[in-house]
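Content type PDB, C-alpha atoms and all ligand atoms, from the file entry.pdb:
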ATOM      1  CA  MET A   1       0.000   0.000   0.000
ATOM      2  CA  TRP A   2       2.802   2.441   0.888
ATOM      3  CA  LYS A   3       4.078   2.236  -2.648
ATOM      4  CA  GLU A   4       0.984   4.111  -3.776
ATOM      5  CA  LYS A   5       2.521   7.507  -4.430
ATOM      6  CA  GLN A   6      -0.781   9.225  -5.036
ATOM      7  CA  MET A   7      -2.030   8.557  -1.524
ATOM      8  CA  ALA A   8      -1.982  11.736   0.555
ATOM      9  CA  PRO A   9       0.324  11.398   3.612
ATOM     10  CA  ARG A  10      -2.527  11.922   6.112
ATOM     11  CA  ILE A  11      -4.471   9.106   4.446
ATOM     12  CA  GLU A  12      -1.445   6.813   4.738
ATOM     13  CA  THR A  13      -1.128   7.548   8.443
ATOM     14  CA  PHE A  14      -4.839   6.977   8.904
ATOM     15  CA  ALA A  15      -4.748   3.647   7.013
ATOM     16  CA  TRP A  16      -1.879   2.471   9.156
ATOM     17  CA  ARG A  17      -3.737   3.332  12.362
ATOM     18  CA  LEU A  18      -6.918   1.728  11.094
ATOM     19  CA  LEU A  19      -5.191  -1.565  10.252
ATOM     20  CA  TRP A  20      -3.202  -1.646  13.496
ATOM     21  CA  ASN A  21      -6.255  -0.967  15.685
ATOM     22  CA  ALA A  22      -4.940   2.394  16.781
ATOM     23  CA  LEU A  23      -7.855   4.706  16.035
ATOM     24  CA  ALA A  24      -9.613   6.305  18.975
ATOM     25  CA  THR A  25     -13.037   4.787  18.406
ATOM     26  CA  GLY A  26     -15.586   5.082  21.207
ATOM     27  CA  LYS A  27     -14.863   1.510  22.290
ATOM     28  CA  ARG A  28     -11.092   2.093  22.491
ATOM     29  CA  ALA A  29     -11.084   5.634  23.872
ATOM     30  CA  GLY A  30     -13.827   4.792  26.372
ATOM     31  CA  LYS A  31     -11.530   2.225  28.027
ATOM     32  CA  TYR A  32      -9.027   4.936  28.858
ATOM     33  CA  SER A  33     -11.316   7.716  29.933
ATOM     34  CA  LYS A  34     -14.607   7.566  31.733
ATOM     35  CA  HIS A  35     -15.484  10.924  30.158
ATOM     36  CA  ILE A  36     -15.627   9.356  26.715
ATOM     37  CA  SER A  37     -18.666   7.293  25.828
ATOM     38  CA  GLU A  38     -18.017   3.833  24.397
ATOM     39  CA  ASN A  39     -21.257   4.027  22.501
ATOM     40  CA  CYS A  40     -22.324   5.447  19.187
ATOM     41  CA  PRO A  41     -24.014   8.823  19.808
ATOM     42  CA  THR A  42     -26.698   8.072  17.211
ATOM     43  CA  CYS A  43     -27.900   4.581  18.100
ATOM     44  CA  GLY A  44     -26.222   3.683  21.390
ATOM     45  CA  SER A  45     -24.451   0.541  20.080
ATOM     46  CA  LEU A  46     -20.830  -0.083  21.011
ATOM     47  CA  GLU A  47     -18.771   2.082  18.640
ATOM     48  CA  ASP A  48     -16.087  -0.191  17.234
ATOM     49  CA  GLU A  49     -14.465   0.152  13.789
ATOM     50  CA  ILE A  50     -17.019  -1.959  11.943
ATOM     51  CA  HIS A  51     -19.894   0.023  13.431
ATOM     52  CA  LEU A  52     -18.206   3.362  12.825
ATOM     53  CA  PHE A  53     -17.120   2.783   9.225
ATOM     54  CA  PHE A  54     -19.743   0.391   7.891
ATOM     55  CA  LEU A  55     -22.785  -0.216  10.061
ATOM     56  CA  ARG A  56     -24.006   3.000  11.632
ATOM     57  CA  HIS A  57     -26.719   4.807   9.770
ATOM     58  CA  PHE A  58     -24.473   7.567   8.368
ATOM     59  CA  ALA A  59     -21.842   5.113   7.117
ATOM     60  CA  LYS A  60     -24.431   2.848   5.515
ATOM     61  CA  ALA A  61     -25.955   5.848   3.733
ATOM     62  CA  ALA A  62     -22.513   7.007   2.566
ATOM     63  CA  TRP A  63     -21.679   3.585   1.143
ATOM     64  CA  TYR A  64     -25.054   3.374  -0.499
ATOM     65  CA  SER A  65     -24.729   6.773  -2.218
ATOM     66  CA  HIS A  66     -23.198   7.578  -5.598
ATOM     67  CA  PRO A  67     -21.000   6.040  -7.004
ATOM     68  CA  TRP A  68     -20.709   3.076  -4.621
ATOM     69  CA  TYR A  69     -24.266   1.777  -4.088
ATOM     70  CA  ILE A  70     -22.856  -0.827  -1.702
ATOM     71  CA  LYS A  71     -24.996  -2.380   1.034
ATOM     72  CA  THR A  72     -22.368  -2.723   3.747
ATOM     73  CA  GLU A  73     -24.747  -4.504   6.121
ATOM     74  CA  PHE A  74     -24.665  -7.453   3.691
ATOM     75  CA  THR A  75     -20.891  -7.349   3.132
ATOM     76  CA  SER A  76     -20.307  -7.299   6.890
ATOM     77  CA  GLN A  77     -22.358 -10.451   7.481
ATOM     78  CA  HIS A  78     -19.451 -12.564   6.204
ATOM     79  CA  ASN A  79     -16.603 -10.209   7.064
ATOM     80  CA  CYS A  80     -16.366  -9.274  10.690
ATOM     81  CA  SER A  81     -13.047  -7.415  10.883
ATOM     82  CA  ILE A  82     -11.729  -4.289   9.173
ATOM     83  CA  PRO A  83      -9.023  -6.119   7.137
ATOM     84  CA  GLN A  84     -11.647  -8.623   5.963
ATOM     85  CA  MET A  85     -14.067  -5.864   4.966
ATOM     86  CA  ILE A  86     -11.328  -4.005   3.080
ATOM     87  CA  GLN A  87     -10.247  -7.179   1.343
ATOM     88  CA  ALA A  88     -13.852  -7.992   0.416
ATOM     89  CA  LEU A  89     -14.384  -4.508  -1.055
ATOM     90  CA  LEU A  90     -11.081  -4.536  -2.955
ATOM     91  CA  THR A  91     -11.822  -7.916  -4.498
ATOM     92  CA  SER A  92     -15.469  -7.144  -5.284
ATOM     93  CA  HIS A  93     -14.700  -5.979  -8.871
ATOM     94  CA  HIS A  94     -16.600  -2.796  -8.140
ATOM     95  CA  PRO A  95     -15.681  -0.363 -10.947
ATOM     96  CA  HIS A  96     -14.943   2.556  -8.582
ATOM     97  CA  ILE A  97     -12.949   0.817  -5.877
ATOM     98  CA  ASN A  98      -9.217   0.874  -5.736
ATOM     99  CA  ILE A  99      -6.997   1.010  -2.695
ATOM    100  CA  ILE A 100      -6.510   4.789  -2.767
ATOM    101  CA  TYR A 101     -10.190   5.634  -3.238
ATOM    102  CA  LEU A 102     -11.123   3.162  -0.537
ATOM    103  CA  TYR A 103      -8.793   4.507   2.141
ATOM    104  CA  THR A 104      -9.480   8.110   1.193
ATOM    105  CA  PHE A 105     -13.208   7.463   1.509
ATOM    106  CA  LEU A 106     -12.742   5.726   4.873
ATOM    107  CA  TRP A 107     -10.703   8.723   6.012
ATOM    108  CA  CYS A 108     -13.581  11.008   4.990
ATOM    109  CA  ILE A 109     -16.002   8.901   7.071
ATOM    110  CA  TRP A 110     -13.601   9.190  10.000
ATOM    111  CA  LYS A 111     -13.293  12.945   9.556
ATOM    112  CA  ALA A 112     -17.069  13.385   9.276
ATOM    113  CA  ARG A 113     -17.481  11.360  12.491
ATOM    114  CA  ASN A 114     -14.943  13.527  14.326
ATOM    115  CA  ASP A 115     -16.375  16.751  12.941
ATOM    116  CA  ALA A 116     -19.834  15.705  14.112
ATOM    117  CA  ARG A 117     -18.647  14.476  17.506
ATOM    118  CA  PHE A 118     -16.166  17.180  18.451
ATOM    119  CA  CYS A 119     -16.895  20.201  16.269
ATOM    120  CA  ARG A 120     -20.662  19.839  15.895
ATOM    121  CA  LYS A 121     -20.114  20.138  12.171
ATOM    122  CA  LEU A 122     -22.488  17.894  10.310
ATOM    123  CA  SER A 123     -22.003  16.640   6.785
ATOM    124  CA  THR A 124     -24.317  14.604   4.598
ATOM    125  CA  PRO A 125     -23.419  11.122   3.267
ATOM    126  CA  PRO A 126     -23.250  12.161  -0.440
ATOM    127  CA  GLN A 127     -20.696  14.883   0.413
ATOM    128  CA  LEU A 128     -18.137  12.251   1.354
ATOM    129  CA  TYR A 129     -17.466  11.094  -2.177
ATOM    130  CA  ALA A 130     -17.055  14.674  -3.373
ATOM    131  CA  ALA A 131     -14.563  15.241  -0.544
ATOM    132  CA  THR A 132     -12.722  12.037  -1.510
ATOM    133  CA  MET A 133     -12.429  13.187  -5.083
ATOM    134  CA  VAL A 134     -11.031  16.570  -4.096
ATOM    135  CA  ILE A 135      -8.376  14.955  -1.887
ATOM    136  CA  MET A 136      -7.430  12.597  -4.721
ATOM    137  CA  HIS A 137      -7.109  15.457  -7.202
ATOM    138  CA  GLY A 138      -5.197  17.503  -4.668
ATOM    139  CA  SER A 139      -2.536  14.849  -4.212
ATOM    140  CA  ASN A 140      -2.405  14.221  -7.959
ATOM    141  CA  MET A 141      -1.763  17.919  -8.576
ATOM    142  CA  GLU A 142       0.953  18.014  -5.914
ATOM    143  CA  LEU A 143       2.599  15.019  -7.485
ATOM    144  CA  ALA A 144       2.359  16.554 -10.935
ATOM    145  CA  ALA A 145       3.865  19.803  -9.734
ATOM    146  CA  SER A 146       6.681  18.153  -7.786
ATOM    147  CA  SER A 147       7.748  15.753 -10.495
ATOM    148  CA  ARG A 148       6.817  17.947 -13.459
ATOM    149  CA  ILE A 149       4.760  15.164 -14.941
ATOM    150  CA  GLY A 150       1.833  16.447 -16.902
ATOM    151  CA  VAL A 151      -1.658  16.170 -15.456
ATOM    152  CA  THR A 152      -2.478  14.351 -18.649
ATOM    153  CA  SER A 153      -0.643  11.277 -17.523
ATOM    154  CA  LEU A 154      -2.114  11.315 -14.023
ATOM    155  CA  PHE A 155      -5.761  11.977 -14.623
ATOM    156  CA  SER A 156      -7.789   9.665 -16.760
ATOM    157  CA  SER A 157      -7.180  11.201 -20.105
ATOM    158  CA  SER A 158      -9.465   9.610 -22.658
ATOM    159  CA  THR A 159     -11.044  12.950 -23.549
ATOM    160  CA  MET A 160      -7.764  14.770 -23.844
ATOM    161  CA  LEU A 161      -6.249  15.567 -27.180
ATOM    162  CA  HIS A 162      -2.686  16.532 -27.641
ATOM    163  CA  ASP A 163      -2.229  19.992 -28.959
ATOM    164  CA  ALA A 164       0.870  20.152 -31.065
ATOM    165  CA  SER A 165       0.880  23.930 -31.106
ATOM    166  CA  VAL A 166       1.339  24.122 -27.327
ATOM    167  CA  GLN A 167       4.118  21.560 -27.403
ATOM    168  CA  GLY A 168       5.747  23.528 -30.175
ATOM    169  CA  HIS A 169       5.860  26.649 -27.990
ATOM    170  CA  GLN A 170       7.477  24.875 -25.057
ATOM    171  CA  ARG A 171      11.198  25.183 -24.890
ATOM    172  CA  LYS A 172      13.143  22.551 -23.049
ATOM    173  CA  GLY A 173      15.335  23.829 -20.238
ATOM    174  CA  HIS A 174      13.248  26.979 -19.788
ATOM    175  CA  ALA A 175      10.696  25.569 -17.417
ATOM    176  CA  ASP A 176      10.367  28.861 -15.545
ATOM    177  CA  GLN A 177       9.354  30.712 -18.632
ATOM    178  CA  GLN A 178       5.610  31.267 -18.509
ATOM    179  CA  ILE A 179       3.744  30.189 -21.571
ATOM    180  CA  ALA A 180       0.127  30.973 -22.194
ATOM    181  CA  PRO A 181      -1.568  27.800 -23.406
ATOM    182  CA  THR A 182      -3.961  27.958 -26.328
ATOM    183  CA  PRO A 183      -7.406  28.640 -24.851
ATOM    184  CA  GLY A 184      -9.882  25.803 -24.970
ATOM    185  CA  ARG A 185      -7.275  23.267 -25.995
ATOM    186  CA  THR A 186      -5.535  20.374 -24.315
ATOM    187  CA  ILE A 187      -2.195  20.985 -22.674
ATOM    188  CA  ASN A 188       0.644  18.613 -22.137
ATOM    189  CA  GLY A 189       1.471  19.414 -18.533
ATOM    190  CA  ILE A 190       0.916  22.052 -15.890
ATOM    191  CA  SER A 191       4.518  22.863 -15.065
ATOM    192  CA  ALA A 192       4.669  25.647 -17.643
ATOM    193  CA  ILE A 193       1.495  27.373 -16.448
ATOM    194  CA  SER A 194       1.821  30.305 -14.120
ATOM    195  CA  CYS A 195      -0.182  30.283 -10.889
ATOM    196  CA  PRO A 196      -2.897  30.585  -9.813
ATOM    197  CA  ILE A 197      -4.300  27.402 -11.278
ATOM    198  CA  ILE A 198      -7.903  26.343 -10.779
ATOM    199  CA  PHE A 199      -8.658  22.716 -11.567
ATOM    200  CA  LEU A 200     -12.322  21.843 -11.811
ATOM    201  CA  ASP A 201     -14.082  18.549 -12.146
ATOM    202  CA  ALA A 202     -17.517  16.999 -11.883
ATOM    203  CA  VAL A 203     -18.653  13.423 -11.389
ATOM    204  CA  TRP A 204     -22.119  12.701 -12.627
ATOM    205  CA  SER A 205     -24.048   9.527 -13.421
ATOM    206  CA  PRO A 206     -27.503   9.280 -14.943
ATOM    207  CA  HIS A 207     -30.299   8.434 -12.556
ATOM    208  CA  PRO A 208     -31.362   4.769 -12.982
ATOM    209  CA  HIS A 209     -34.966   5.878 -13.559
ATOM    210  CA  GLY A 210     -34.183   8.997 -15.606
ATOM    211  CA  GLY A 211     -34.510  12.614 -14.544
ATOM    212  CA  PRO A 212     -31.944  15.113 -13.271
ATOM    213  CA  VAL A 213     -29.307  14.131 -10.675
ATOM    214  CA  ALA A 214     -26.952  16.276  -8.634
ATOM    215  CA  ALA A 215     -23.259  15.924  -9.470
ATOM    216  CA  SER A 216     -20.255  15.900  -7.155
ATOM    217  CA  LEU A 217     -18.084  18.927  -7.900
ATOM    218  CA  GLY A 218     -14.423  19.201  -6.994
ATOM    219  CA  ILE A 219     -12.361  22.380  -7.275
ATOM    220  CA  PHE A 220      -8.677  22.607  -6.513
ATOM    221  CA  ILE A 221      -6.918  25.965  -6.447
ATOM    222  CA  GLN A 222      -3.185  26.485  -6.233
ATOM    223  CA  PHE A 223      -1.592  29.882  -5.573
ATOM    224  CA  ARG A 224       2.102  30.527  -5.418
ATOM    225  CA  GLY A 225       3.704  33.321  -3.438
ATOM    226  CA  ASP A 226       7.389  34.258  -3.291
ATOM    227  CA  ARG A 227       8.230  31.501  -0.857
ATOM    228  CA  CYS A 228       5.154  29.450  -0.343
ATOM    229  CA  CYS A 229       2.530  27.608  -2.233
ATOM    230  CA  SER A 230      -1.039  27.506  -0.945
ATOM    231  CA  GLN A 231      -3.702  25.092  -1.967
ATOM    232  CA  LEU A 232      -7.420  25.128  -1.504
ATOM    233  CA  CYS A 233      -9.733  22.186  -2.050
ATOM    234  CA  ILE A 234     -13.470  22.650  -2.355
ATOM    235  CA  SER A 235     -16.061  19.932  -2.656
ATOM    236  CA  ALA A 236     -19.666  20.684  -3.472
ATOM    237  CA  ILE A 237     -22.896  19.221  -4.747
ATOM    238  CA  SER A 238     -24.364  20.739  -7.900
ATOM    239  CA  PRO A 239     -28.008  21.547  -8.585
ATOM    240  CA  PRO A 240     -29.745  18.675 -10.399
ATOM    241  CA  ALA A 241     -28.055  18.188 -13.776
ATOM    242  CA  THR A 242     -29.473  16.410 -16.797
ATOM    243  CA  SER A 243     -26.163  15.512 -18.467
ATOM    244  CA  ALA A 244     -22.460  15.136 -17.804
ATOM    245  CA  ILE A 245     -21.691  18.305 -19.760
ATOM    246  CA  GLN A 246     -24.162  20.242 -17.622
ATOM    247  CA  ALA A 247     -22.468  18.901 -14.490
ATOM    248  CA  GLU A 248     -19.121  20.109 -15.893
ATOM    249  CA  VAL A 249     -20.547  23.545 -16.627
ATOM    250  CA  PHE A 250     -21.750  23.777 -13.003
ATOM    251  CA  SER A 251     -18.181  23.142 -11.880
ATOM    252  CA  LEU A 252     -16.993  25.974 -14.124
ATOM    253  CA  MET A 253     -19.721  28.291 -12.784
ATOM    254  CA  LEU A 254     -18.747  27.526  -9.207
ATOM    255  CA  SER A 255     -15.043  27.996  -9.873
ATOM    256  CA  SER A 256     -15.535  31.321 -11.629
ATOM    257  CA  TYR A 257     -17.741  32.411  -8.724
ATOM    258  CA  ILE A 258     -15.084  31.364  -6.205
ATOM    259  CA  ALA A 259     -12.359  33.082  -8.224
ATOM    260  CA  GLY A 260     -14.494  36.235  -8.095
ATOM    261  CA  THR A 261     -15.228  35.966  -4.375
ATOM    262  CA  LEU A 262     -11.582  35.384  -3.478
ATOM    263  CA  GLN A 263     -10.477  38.013  -6.008
ATOM    264  CA  ILE A 264      -8.114  35.631  -7.726
ATOM    265  CA  GLN A 265      -6.768  37.460 -10.743
ATOM    266  CA  GLN A 266      -5.413  35.931 -13.937
ATOM    267  CA  ALA A 267      -6.172  32.355 -12.976
ATOM    268  CA  THR A 268      -5.828  29.522 -15.451
ATOM    269  CA  PHE A 269      -8.875  27.250 -15.382
ATOM    270  CA  LEU A 270      -8.235  23.576 -16.157
ATOM    271  CA  THR A 271     -10.954  21.089 -16.963
ATOM    272  CA  GLU A 272     -10.887  17.522 -18.209
ATOM    273  CA  CYS A 273     -13.915  18.200 -20.362
ATOM    274  CA  ALA A 274     -12.711  19.195 -23.828
ATOM    275  CA  THR A 275     -16.237  19.978 -25.023
ATOM    276  CA  LEU A 276     -16.814  22.424 -22.204
ATOM    277  CA  ALA A 277     -13.429  24.043 -22.785
ATOM    278  CA  SER A 278     -13.975  24.594 -26.486
ATOM    279  CA  GLU A 279     -17.531  25.873 -26.033
ATOM    280  CA  ALA A 280     -16.793  28.189 -23.140
ATOM    281  CA  VAL A 281     -13.921  29.930 -24.914
ATOM    282  CA  SER A 282     -15.907  30.712 -28.032
ATOM    283  CA  GLN A 283     -16.659  34.387 -27.686
ATOM    284  CA  ASN A 284     -20.195  34.278 -28.972
ATOM    285  CA  VAL A 285     -22.227  31.679 -27.116
ATOM    286  CA  THR A 286     -25.198  31.894 -29.459
ATOM    287  CA  LEU A 287     -23.115  31.343 -32.578
ATOM    288  CA  ALA A 288     -21.137  28.393 -31.250
ATOM    289  CA  PRO A 289     -22.378  25.031 -32.411
ATOM    290  CA  GLY A 290     -23.152  22.299 -29.911
ATOM    291  CA  HIS A 291     -24.894  21.917 -26.615
ATOM    292  CA  TRP A 292     -28.009  24.039 -26.183
ATOM    293  CA  SER A 293     -28.566  22.725 -22.680
ATOM    294  CA  ILE A 294     -25.560  24.542 -21.246
ATOM    295  CA  ARG A 295     -25.944  27.904 -22.993
ATOM    296  CA  PRO A 296     -27.747  29.682 -20.127
ATOM    297  CA  GLN A 297     -24.909  28.739 -17.775
ATOM    298  CA  LEU A 298     -22.235  29.604 -20.336
ATOM    299  CA  ALA A 299     -23.814  33.016 -20.815
ATOM    300  CA  GLN A 300     -23.767  33.533 -17.053
ATOM    301  CA  ILE A 301     -20.095  32.520 -16.864
ATOM    302  CA  ALA A 302     -19.228  34.798 -19.774
ATOM    303  CA  ALA A 303     -20.863  37.683 -17.902
ATOM    304  CA  SER A 304     -18.751  37.144 -14.770
ATOM    305  CA  THR A 305     -15.893  39.605 -14.347
ATOM    306  CA  THR A 306     -13.229  37.170 -13.159
ATOM    307  CA  PHE A 307     -13.550  34.545 -15.853
ATOM    308  CA  GLU A 308     -11.531  35.239 -18.956
ATOM    309  CA  PRO A 309     -12.293  32.831 -21.779
ATOM    310  CA  SER A 310      -8.664  33.101 -22.863
ATOM    311  CA  ARG A 311      -7.565  31.332 -19.678
ATOM    312  CA  LEU A 312      -9.577  28.096 -19.857
TER
HETATM  313 ZN    ZN B   1     -24.699   3.696  15.768
END

Now, as a test, write the supplied structure out as structure tokens.
Amino acid sequence: MWKEKQMAPRIETFAWRLLWNALATGKRAGKYSKHISENCPTCGSLEDEIHLFFLRHFAKAAWYSHPWYIKTEFTSQHNCSIPQMIQALLTSHHPHINIIYLYTFLWCIWKARNDARFCRKLSTPPQLYAATMVIMHGSNMELAASSRIGVTSLFSSSTMLHDASVQGHQRKGHADQQIAPTPGRTINGISAISCPIIFLDAVWSPHPHGGPVAASLGIFIQFRGDRCCSQLCISAISPPATSAIQAEVFSLMLSSYIAGTLQIQQATFLTECATLASEAVSQNVTLAPGHWSIRPQLAQIAASTTFEPSRL
């Protein structure tokens, strides 16, 4: 597991503590202090790892929400320890489970539990996947920046097209030189882009019975000062969207709004959605061919003062 470079360090530490029975669950912490309740605050059962991560109401709802749809109460009938549950999930051939997603999601359940218990900050089960995605993208971006590997090779890149003109402009050995990428086109890496960078993403799946569904939005912002580099991760739920492209346009709307609120000037917006990029940069929304469903949102984005089409 520790060979997984994309796993954020805090997730690694958490995974280690989880597997070595070192997390302060109610059951464990309650043994050491009479001020700490051994029981789950919601249902009163003994709060051990299985209850906390898989069987309490919040955890069951989180595992049953998009994109997992896993009924953990069934999985736990045959797997009664944490390593067994993890093994069962990893070998379930579920299309969304891999070791990094799994531990990052478990960490988000743990964080939501602690936020609720100690900070009185409540989250909803569907927010956990959005939070997981943001953490994953955050560590991917850090890795890309530190090793100067392009985002193209780290993110799933089936929609990305190589743009020869951008490659042609890049000069080897002049990595510090700032190059403006061609708007609306695919780039080969982020090392040549000047900060701030705003990466936006949306995960959306059609509702099994049709009709609009909310998407999970993830926004990752990186600023660079003289000596430091700051990062901001935002996870959000979109209004009900009827298509993947509409979900993507919601992520662009939110990021341009955030850029405006935080007064981030001259940001480069990065999206994985080539269709959105090419449509949003076309100056005249009504003349551009393509998706009618996203034109109201595109018009709204075009009207915002912080979003410059030339920087998408
Ligand atoms: Zn409970």

Tell me which residues the PyMOL selection byres (((not hetatm)) within 7 of (chain B and resi 1)) grabs here, as an MDAnalysis selection string.
-> chainID A and resid 40:45 47 51 56:57

Test item: which residues lie within 12 Å of (-17.6, 7.1, 26.6) counting only C-alpha atoms, as an MDAnalysis selection string | chainID A and resid 24:41 44:48 117

Just the selected residues (C-alpha atoms), exported as a compact mmCIF listing (two decimals), in the frame of the given file, please.
# COMPACT_ATOMS: atom_id res chain seq x y z
CA ALA A 24 -9.61 6.30 18.98
CA THR A 25 -13.04 4.79 18.41
CA GLY A 26 -15.59 5.08 21.21
CA LYS A 27 -14.86 1.51 22.29
CA ARG A 28 -11.09 2.09 22.49
CA ALA A 29 -11.08 5.63 23.87
CA GLY A 30 -13.83 4.79 26.37
CA LYS A 31 -11.53 2.22 28.03
CA TYR A 32 -9.03 4.94 28.86
CA SER A 33 -11.32 7.72 29.93
CA LYS A 34 -14.61 7.57 31.73
CA HIS A 35 -15.48 10.92 30.16
CA ILE A 36 -15.63 9.36 26.72
CA SER A 37 -18.67 7.29 25.83
CA GLU A 38 -18.02 3.83 24.40
CA ASN A 39 -21.26 4.03 22.50
CA CYS A 40 -22.32 5.45 19.19
CA PRO A 41 -24.01 8.82 19.81
CA GLY A 44 -26.22 3.68 21.39
CA SER A 45 -24.45 0.54 20.08
CA LEU A 46 -20.83 -0.08 21.01
CA GLU A 47 -18.77 2.08 18.64
CA ASP A 48 -16.09 -0.19 17.23
CA ARG A 117 -18.65 14.48 17.51

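The space separating CA of Trp292 in chain A from CA of Phe199 in chain A comes to 24.3 Å.
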
Atom pair CA of Ser251 in chain A / CA of Lys111 in chain A: separation (Å) | 24.2 Å

Do you know which residues the PyMOL selection byres (((chain A and resi 61) around 12) and not hetatm) returns on this file, as a PyMOL selection string?
-> chain A and resi 53-60+62-73+109+123-129

Residues selected by the PyMOL selection byres (((chain A and resi 85) around 12) and not hetatm), written as a count of residues only | 30

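Between CA of Asp115 in chain A and CA of Ile221 in chain A the interatomic distance comes to 23.5 Å.
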
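Here the question is which of A:Met253, A:Ile187, A:Ile100, A:Ile264 gets nearest to Arg224 in chain A using all atoms listed in the file, and that residue is A:Ile264.
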
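Closest approach to Pro212 in chain A among A:Leu23, A:Cys195, A:Leu232, A:Ala241 is made by A:Ala241 (distances from only C-alpha atoms).
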
Would you kindly return, as an NGL selection string, each protein, DNA or RNA residue with an atom no farther than 8 Å from any atom of range 201-211 of chain A, considering all atoms listed in the file and excluding same-chain residues fewer than 3 positions away?
-> :A and (67 or 214-219 or 242-244 or 247-248 or 251 or 271-272)

Could you work out an axis-aligned bounding box for all listed atoms of range 102-106 of chain A, with 4 Å added on each of the six sides, and give its centre and edge lengths in Å to one decimal, as JSON?
{"center_x": -11.0, "center_y": 5.6, "center_z": 2.2, "size_x": 12.4, "size_y": 12.9, "size_z": 13.4}

Please identify all polymer residues within 7 Å of range 295-302 of chain A, counting all atoms listed in the file, omitting same-chain residues fewer than 4 positions from it, and present them as a PyMOL selection string.
-> chain A and resi 249+253+280+285+307

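Of the listed residues A:Asn98, A:Glu279, A:Pro309, A:Leu52, the one whose atoms come nearest to Asn114 in chain A is A:Leu52, with distances taken using all atoms listed in the file.
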